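Written out below as structure tokens is the structure these notes cover.
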Amino acid sequence: LYLKKTSSTPEYAGRKNTFHVALLGYGYWGINILRNLVELPQVSQISVCDINIQRLNTVKKMFPEIFVDTNYRDMLTDPDVDAVCIATPSSSHFELCKFALLQNKHVFVEKPFTSNTQEAAELMELAQSRGLIISVDHTFLYNAAVHKIKEYIDTGQTGKVAYIDCTRVNLGIYQPDVNVLWDLASHDLSIIHFLIEEHPTHIRAIGKFNLEHQRVDMAYLFLYFSSGLLVQVNCSWASPVKIRQIMLGGREKMIIYDDIEPTHKLRVYDYSRQPVDEEQRNKMLVDYRLGDITIPKFSTQEPLKAAIEDFLSCVQTGNTPISDSASARQIVYWLEKAEFSLKNNGELVAL
Ligand SMILES: NC(=O)c1ccc[n+]([C@@H]2O[C@H](COP(=O)([O-])OP(=O)(O)OC[C@H]3O[C@@H](n4cnc5c(N)ncnc54)[C@H](O)[C@@H]3O)[C@@H](O)[C@H]2O)c1
């Protein structure tokens with residue numbers, strides 16, 4: 001149903017290579033998007049829309065040449081606008097994406113893509129019927145550390161992966177319209193989807209409801225795979241410290257990815273299961289390690305910049321973005337099922 005277009009698709013031939021991009025939403029994340037848009041040579045013109053006039057005044061002060069407006073409909077009916085970045089609250093993504101696609105604009109939309117899979121499917125069909133690109137900002141798919149982990153898995157260096165344990169906790173910020181699974185676990189699910197080709201068979205989620213904020217603000221999510229792989233995601237807005245850690249255990253190597261760590265974000269632990277004699281076993285009980293620890297080097301390019309560049313390059317060539325709508329829809333599907341499990345006391349849900 002959702003054909004992947006390639007650069008050989010005729011309608012993409014001779015497309016322009018600089019773009020007028022409209023940004024909808026200049027809040028916490030929109031600020032980062034604008035900073036990158038301003039730096040990219042492919043972006044010839046920028047317009048910014050926010051319903052909050054004070055935020056637009058800030059834009060105007062910093063970048064007087066940028067056009068600003070409080071009404072996204074007026075902005076998107078401008079035929080000069082080629083592409084749209086949507087960084088508004090999650091519950092508005094569907095409406096804004098749909099309007100943008102109906103105006104024949106390519107769309108870069110924040111995660112989570114939509115609030116349910118029906119909405120995602122409708123947007124995908126609309127984009128496909130009009131030859132438009134949708135890229136969903138699952139930013140970690142553009143993170144070089146995540147690509148390095150994938151390289152370790154795909155080249156067989158980790159051996160069969162037995163578990164992945166993700167911790168993504170911090171204090172706030174409470175999103176106004178989604179719970180912590182949709183806000184934080186969406187990152188880990190996108191990473192798992194990218195790293196592991198196998199699809200999980202079951203999902204389970206449990207969490208704690210915060211009365212003051214009327215949202216589930218801490219949750220544990222489990223994905224079960226027929227190969228035996230077990231994935232756990234711990235996400236919270238109620239943690240006194242910020243932790244961004246993924247621990248992956250393979251038969252040959254274990255990997256820790258600590259995104260807070262400034263330089264040594266990845267550590268790879270040798271863990272070949274060679275037969276150990278009594279003496280080695282006793283030594284291991286003292287050392288708690290079996291082999292060397294490697295700290296691989298990788299690019300430090302800002303992932304958000306790479307995500308926007310990939311989007312604009314796909315607009316130009318017709319190629320499919322790394323973070324395309326089909327993979328984003330899969331994340332929405334898992335979140336939907338996790339939400340069901342959450343509401344049913346952690347019921348195991350088949351996928
Ligand atoms: N990819 C990432 O790593 C990442 C990080 C943070 C947030 N996000 C995502 O970005 C989105 C926004 O989150 P945020 O934390 O920046 O929220 P925010 O509340 O700080 O900003 C949202 C902005 O959108 C504006 N807005 C709301 N409705 C609008 C409309 N109809 N038209 C124009 N402007 C409108 C608000 O006035 C506000 O300025 C969410 O989907 C969130 O999940 C992604």
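Chains: A, B, ... in order of the structure tokens. Residues: from 1 per chain. Ligands: from 1, in order shown.
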Inset, instruction - Produce as a VMD selection string the set of residues near ligand 1, where near means within 8 Å with only C-alpha atoms and all ligand atoms considered. - result: chain A and resid 24 to 31 49 to 52 55 70 to 72 86 to 93 96 109 to 113 137 to 140 173 175 to 176 182 to 183 187 304
Legend entry - Contact residues around Ile66 in chain A with only C-alpha atoms at 9 Å, ignoring same-chain residues under 2 positions, as number ranges by chain: A: 45-48, 59-60, 63-64, 68
Preceding selection exported with N, CA and C atoms as an mmCIF file, in the first residue's frame:
```cif
data_model
loop_
_atom_site.group_PDB
_atom_site.id
_atom_site.type_symbol
_atom_site.label_atom_id
_atom_site.label_comp_id
_atom_site.auth_asym_id
_atom_site.auth_seq_id
_atom_site.Cartn_x
_atom_site.Cartn_y
_atom_site.Cartn_z
ATOM 1 N N GLN A 45 14.258 30.287 2.746
ATOM 2 C CA GLN A 45 13.337 31.191 3.439
ATOM 3 C C GLN A 45 12.622 30.422 4.562
ATOM 4 N N ILE A 46 12.348 31.145 5.657
ATOM 5 C CA ILE A 46 11.675 30.484 6.790
ATOM 6 C C ILE A 46 10.488 31.338 7.219
ATOM 7 N N SER A 47 9.378 30.668 7.548
ATOM 8 C CA SER A 47 8.248 31.341 8.192
ATOM 9 C C SER A 47 7.974 30.592 9.489
ATOM 10 N N VAL A 48 7.562 31.320 10.513
ATOM 11 C CA VAL A 48 7.284 30.659 11.803
ATOM 12 C C VAL A 48 5.881 31.006 12.262
ATOM 13 N N VAL A 59 11.061 35.507 18.052
ATOM 14 C CA VAL A 59 11.619 35.141 16.733
ATOM 15 C C VAL A 59 11.964 36.408 15.962
ATOM 16 N N LYS A 60 11.013 37.349 15.954
ATOM 17 C CA LYS A 60 11.170 38.582 15.170
ATOM 18 C C LYS A 60 12.385 39.392 15.635
ATOM 19 N N PHE A 63 15.466 37.267 14.433
ATOM 20 C CA PHE A 63 15.576 37.108 12.972
ATOM 21 C C PHE A 63 14.517 37.981 12.305
ATOM 22 N N PRO A 64 14.795 39.295 12.134
ATOM 23 C CA PRO A 64 13.771 40.203 11.589
ATOM 24 C C PRO A 64 13.295 39.791 10.194
ATOM 25 N N VAL A 68 6.391 35.904 10.369
ATOM 26 C CA VAL A 68 5.710 35.201 11.461
ATOM 27 C C VAL A 68 4.191 35.416 11.362
#
```
Inset, instruction - Identify, on the basis of only C-alpha atoms, every residue whose closest approach to Met247 in chain A does not exceed 9 Å; exclude the query and any residue fewer than 5 positions from it along the same chain; express the result as a ChimeraX atom specification. - result: /A:163-167,254-258
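Rounded to one decimal, CA of Leu223 in chain A and CA of Leu184 in chain A lie 15.6 Å from each other.
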Inset, instruction - Name the residues in contact with Ser341 in chain A at a cut-off of 12 Å, using only C-alpha atoms, excluding same-chain residues fewer than 4 positions from it; report them as a ChimeraX atom specification. - result: /A:181,202-207,219-223,334-337,345-351
Could you pull out the residues in range 256-330 of chain A that DSSP calls strand (DSSP E or B) from the backbone, as a PDB file with N, CA and C atoms, in the first residue's frame?
```
ATOM      1  N   ILE A 256      26.799  -0.439  26.639  1.00  0.00           N
ATOM      2  CA  ILE A 256      26.066   0.574  27.404  1.00  0.00           C
ATOM      3  C   ILE A 256      26.148   1.881  26.632  1.00  0.00           C
ATOM      4  N   TYR A 257      24.991   2.452  26.369  1.00  0.00           N
ATOM      5  CA  TYR A 257      24.922   3.754  25.691  1.00  0.00           C
ATOM      6  C   TYR A 257      24.363   4.749  26.707  1.00  0.00           C
ATOM      7  N   ASP A 258      25.219   5.668  27.128  1.00  0.00           N
ATOM      8  CA  ASP A 258      24.802   6.689  28.095  1.00  0.00           C
ATOM      9  C   ASP A 258      24.808   8.036  27.390  1.00  0.00           C
ATOM     10  N   LEU A 266      29.418   5.575  24.471  1.00  0.00           N
ATOM     11  CA  LEU A 266      29.272   4.132  24.229  1.00  0.00           C
ATOM     12  C   LEU A 266      30.412   3.370  24.866  1.00  0.00           C
ATOM     13  N   ARG A 267      30.091   2.302  25.557  1.00  0.00           N
ATOM     14  CA  ARG A 267      31.105   1.379  26.074  1.00  0.00           C
ATOM     15  C   ARG A 267      30.711  -0.024  25.650  1.00  0.00           C
ATOM     16  N   VAL A 268      31.666  -0.722  25.091  1.00  0.00           N
ATOM     17  CA  VAL A 268      31.389  -2.074  24.605  1.00  0.00           C
ATOM     18  C   VAL A 268      32.222  -3.049  25.422  1.00  0.00           C
ATOM     19  N   TYR A 269      31.542  -3.981  26.064  1.00  0.00           N
ATOM     20  CA  TYR A 269      32.201  -4.939  26.967  1.00  0.00           C
ATOM     21  C   TYR A 269      32.310  -6.298  26.293  1.00  0.00           C
ATOM     22  N   ASP A 270      33.517  -6.824  26.194  1.00  0.00           N
ATOM     23  CA  ASP A 270      33.689  -8.182  25.651  1.00  0.00           C
ATOM     24  C   ASP A 270      33.113  -9.176  26.641  1.00  0.00           C
ATOM     25  N   ILE A 293      37.170  -3.553  27.553  1.00  0.00           N
ATOM     26  CA  ILE A 293      36.082  -2.577  27.381  1.00  0.00           C
ATOM     27  C   ILE A 293      36.556  -1.596  26.311  1.00  0.00           C
ATOM     28  N   THR A 294      35.723  -1.401  25.272  1.00  0.00           N
ATOM     29  CA  THR A 294      36.106  -0.515  24.170  1.00  0.00           C
ATOM     30  C   THR A 294      35.196   0.710  24.180  1.00  0.00           C
ATOM     31  N   ASP A 324      10.881   7.262   8.393  1.00  0.00           N
ATOM     32  CA  ASP A 324       9.730   7.463   7.515  1.00  0.00           C
ATOM     33  C   ASP A 324       8.418   7.228   8.266  1.00  0.00           C
TER      34      ASP A 324
END
```
